[in-house]
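Structure, as structure tokens:
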Amino acid sequence: MATCMQCSKLRQTLSEAMTWLIVITVWLTVLTCTGESQQPRAIVAQDGSGDFTTITAAIFASPNHSVEPYYIKIKNGTYHEYVQIEKWKTNIFLIGEGTENTIITGNKSFGGDGIRTLYTATDTLYTRAGKQFYRDCEVLGTIDFICGDATAVFQNSIIEVRAPIPGQFNTITAQKREDEQGEATGIVLQNCTIKTTPELEKMGKNVTTYLGRPWGNYSRTVVMQSDIDLLINPNGWIEFTNETLIRPYYMEYMNRGEGANTIGRVKWAIVTNDPKIASNFTVRNFINGDKWIPFTIPYYLDLA
């Protein structure tokens, strides 16, 4: 399974269970490596000028088990939807029109709507499974807002931490690897910008923010070559309450900015300056992106 997303805004209230190939991009059409433009197979427009008015309808109408890329263009608008792409909807590309123009949002809550936590506002982006690549995206949230058990790389994306409810701290990631002998899953943030929203910035040190916490016994998260502008708690990472860690792998490599000071990090996390170690988590080596990410998507395979 493979998922690729580029250039759209994912707000805190979005919950996604995407399991195959997806792309969101600022371009109106996708250029092939030969310079030819790839026209969308379906267009989503809220004003009725396209084939569908909702993303969900366009995905539902797409072919099952497609072996060819199926491009869906999503025109400007704020789409109040809970986008779920089933595993038989393969090779789907969602083409947006920029992080400020194509926005997917929702407002479900745990308990009040009678749904489980992973489908709620707590988790903005649920990277459920498979190999996933996110480029030039903007993801906003408060607690565990990038989570799941996929093998996922976020590259050149903006990770923006919002103001939480009173008394709550922020955690950016919650990776859920449970099987040490299974697939080598994990979340990697490479050359991303981690920052606060203006609202949270005004609150200053009244809110504690962590890079993440291990949701699974063998959870893995790597933050490398990224700008960390916000004030991260000196511990860097935090455990789930009343849960014992078995063998988490949490690493930082050559980050920059106010929050990149690693003095005081928890003992179970790793800080390295060794490019050989960090190279294990690149697009080339971690998700084998050179084998499946289209040439039309701008990305780099190795360390920046």
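A note on labels: chains of the structure tokens are A, B, ... as shown, every chain counts residues from 1, and ligands are counted from 1 in their shown order.
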Based on the backbone DSSP call, show me all residues of stretch 248-293 of chain A assigned strand (DSSP E or B), as a PDB file with N, CA, C and O atoms, in the first residue's frame.
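To be explicit, this is the file written out as states08.pdb:
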```pdb
ATOM      1  N   TYR A 249      11.513   3.922  19.602  1.00  0.00           N
ATOM      2  CA  TYR A 249      12.653   4.505  18.900  1.00  0.00           C
ATOM      3  C   TYR A 249      12.279   5.929  18.507  1.00  0.00           C
ATOM      4  O   TYR A 249      11.501   6.153  17.578  1.00  0.00           O
ATOM      5  N   TYR A 250      12.825   6.887  19.235  1.00  0.00           N
ATOM      6  CA  TYR A 250      12.527   8.299  18.999  1.00  0.00           C
ATOM      7  C   TYR A 250      13.841   9.044  18.787  1.00  0.00           C
ATOM      8  O   TYR A 250      14.702   9.044  19.661  1.00  0.00           O
ATOM      9  N   MET A 251      13.977   9.676  17.609  1.00  0.00           N
ATOM     10  CA  MET A 251      15.268  10.234  17.236  1.00  0.00           C
ATOM     11  C   MET A 251      15.135  11.642  16.660  1.00  0.00           C
ATOM     12  O   MET A 251      14.151  11.962  15.976  1.00  0.00           O
ATOM     13  N   GLU A 252      16.140  12.473  16.945  1.00  0.00           N
ATOM     14  CA  GLU A 252      16.255  13.795  16.340  1.00  0.00           C
ATOM     15  C   GLU A 252      17.605  13.901  15.653  1.00  0.00           C
ATOM     16  O   GLU A 252      18.618  13.420  16.163  1.00  0.00           O
ATOM     17  N   TYR A 253      17.597  14.536  14.475  1.00  0.00           N
ATOM     18  CA  TYR A 253      18.822  14.688  13.700  1.00  0.00           C
ATOM     19  C   TYR A 253      18.897  16.067  13.064  1.00  0.00           C
ATOM     20  O   TYR A 253      18.020  16.440  12.264  1.00  0.00           O
ATOM     21  N   ARG A 256      16.766  22.573  13.578  1.00  0.00           N
ATOM     22  CA  ARG A 256      17.129  23.977  13.736  1.00  0.00           C
ATOM     23  C   ARG A 256      16.029  24.708  14.491  1.00  0.00           C
ATOM     24  O   ARG A 256      14.891  24.267  14.500  1.00  0.00           O
ATOM     25  N   ALA A 269      15.062   8.616  24.367  1.00  0.00           N
ATOM     26  CA  ALA A 269      15.125   9.178  23.015  1.00  0.00           C
ATOM     27  C   ALA A 269      16.575   9.300  22.562  1.00  0.00           C
ATOM     28  O   ALA A 269      17.501   9.283  23.379  1.00  0.00           O
ATOM     29  N   ILE A 270      16.772   9.413  21.251  1.00  0.00           N
ATOM     30  CA  ILE A 270      18.104   9.462  20.656  1.00  0.00           C
ATOM     31  C   ILE A 270      18.303  10.809  19.965  1.00  0.00           C
ATOM     32  O   ILE A 270      17.402  11.323  19.297  1.00  0.00           O
ATOM     33  N   VAL A 271      19.492  11.373  20.131  1.00  0.00           N
ATOM     34  CA  VAL A 271      19.906  12.556  19.368  1.00  0.00           C
ATOM     35  C   VAL A 271      21.189  12.179  18.652  1.00  0.00           C
ATOM     36  O   VAL A 271      22.136  11.688  19.270  1.00  0.00           O
ATOM     37  N   THR A 272      21.231  12.363  17.329  1.00  0.00           N
ATOM     38  CA  THR A 272      22.412  11.972  16.568  1.00  0.00           C
ATOM     39  C   THR A 272      22.779  13.035  15.542  1.00  0.00           C
ATOM     40  O   THR A 272      21.918  13.767  15.049  1.00  0.00           O
TER      41      THR A 272
END
```
Extract, using only C-alpha atoms, all DNA, RNA and protein residues at most 7 Å from A:Cys147, discarding same-chain residues fewer than 6 positions from it, and format them as a compact mmCIF listing (two decimals) with N, CA, C and O atoms, in the first residue's frame.
```txt
# COMPACT_ATOMS: atom_id res chain seq x y z
N ASP A 123 -7.38 13.45 16.51
CA ASP A 123 -6.40 13.01 15.52
C ASP A 123 -6.70 13.67 14.17
O ASP A 123 -7.63 13.27 13.48
N LEU A 125 -4.70 13.69 11.40
CA LEU A 125 -4.30 12.83 10.28
C LEU A 125 -3.95 11.44 10.81
O LEU A 125 -2.94 11.26 11.49
N TYR A 126 -4.80 10.49 10.49
CA TYR A 126 -4.61 9.11 10.94
C TYR A 126 -3.92 8.34 9.82
O TYR A 126 -4.54 7.92 8.86
N THR A 127 -2.61 8.18 9.93
CA THR A 127 -1.84 7.44 8.95
C THR A 127 -1.94 5.96 9.29
O THR A 127 -1.07 5.39 9.92
N THR A 173 2.88 13.99 17.55
CA THR A 173 2.77 12.66 16.96
C THR A 173 2.41 11.60 17.99
O THR A 173 2.67 11.75 19.18
N ALA A 174 1.84 10.52 17.50
CA ALA A 174 1.57 9.33 18.32
C ALA A 174 1.63 8.12 17.39
O ALA A 174 0.63 7.74 16.78
N GLN A 175 2.80 7.53 17.28
CA GLN A 175 3.00 6.41 16.37
C GLN A 175 2.66 5.10 17.07
O GLN A 175 2.93 4.92 18.24
```
Enumerate the residues of stretch 241-290 of chain A with a DSSP assignment of alpha helix (DSSP H), computed from the backbone, and present them as a compact mmCIF listing (two decimals) with N, CA, C and O atoms, in the first residue's frame.
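Just written: out_36.txt:
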```txt
# COMPACT_ATOMS: atom_id res chain seq x y z
N PRO A 275 24.95 11.08 9.74
CA PRO A 275 24.10 10.97 8.55
C PRO A 275 23.82 9.52 8.14
O PRO A 275 22.80 9.25 7.51
N LYS A 276 24.70 8.60 8.52
CA LYS A 276 24.45 7.20 8.17
C LYS A 276 23.21 6.68 8.90
O LYS A 276 22.43 5.90 8.35
N ILE A 277 23.06 7.09 10.15
CA ILE A 277 21.88 6.67 10.92
C ILE A 277 20.64 7.35 10.36
O ILE A 277 19.60 6.72 10.13
N ALA A 278 20.72 8.66 10.13
CA ALA A 278 19.57 9.41 9.63
C ALA A 278 19.13 8.94 8.25
O ALA A 278 17.94 8.98 7.91
N VAL A 283 13.32 9.17 2.19
CA VAL A 283 12.31 8.68 1.25
C VAL A 283 12.82 7.45 0.51
O VAL A 283 12.07 6.49 0.28
N ARG A 284 14.09 7.46 0.17
CA ARG A 284 14.65 6.31 -0.56
C ARG A 284 14.66 5.05 0.29
O ARG A 284 14.23 3.97 -0.14
N ASN A 285 15.16 5.15 1.51
CA ASN A 285 15.41 3.96 2.32
C ASN A 285 14.24 3.55 3.21
O ASN A 285 14.06 2.37 3.50
N PHE A 286 13.45 4.52 3.68
CA PHE A 286 12.39 4.20 4.63
C PHE A 286 11.10 3.77 3.95
O PHE A 286 10.43 2.85 4.42
```
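Here atom CA of A:Lys267 and atom CA of A:Arg213 stand 13.5 Å from one another.
Counting only C-alpha atoms and comparing A:Leu189, A:Ala57, A:Ile194, A:Ile43, the residue that lies closest to A:Val222 is A:Leu189.
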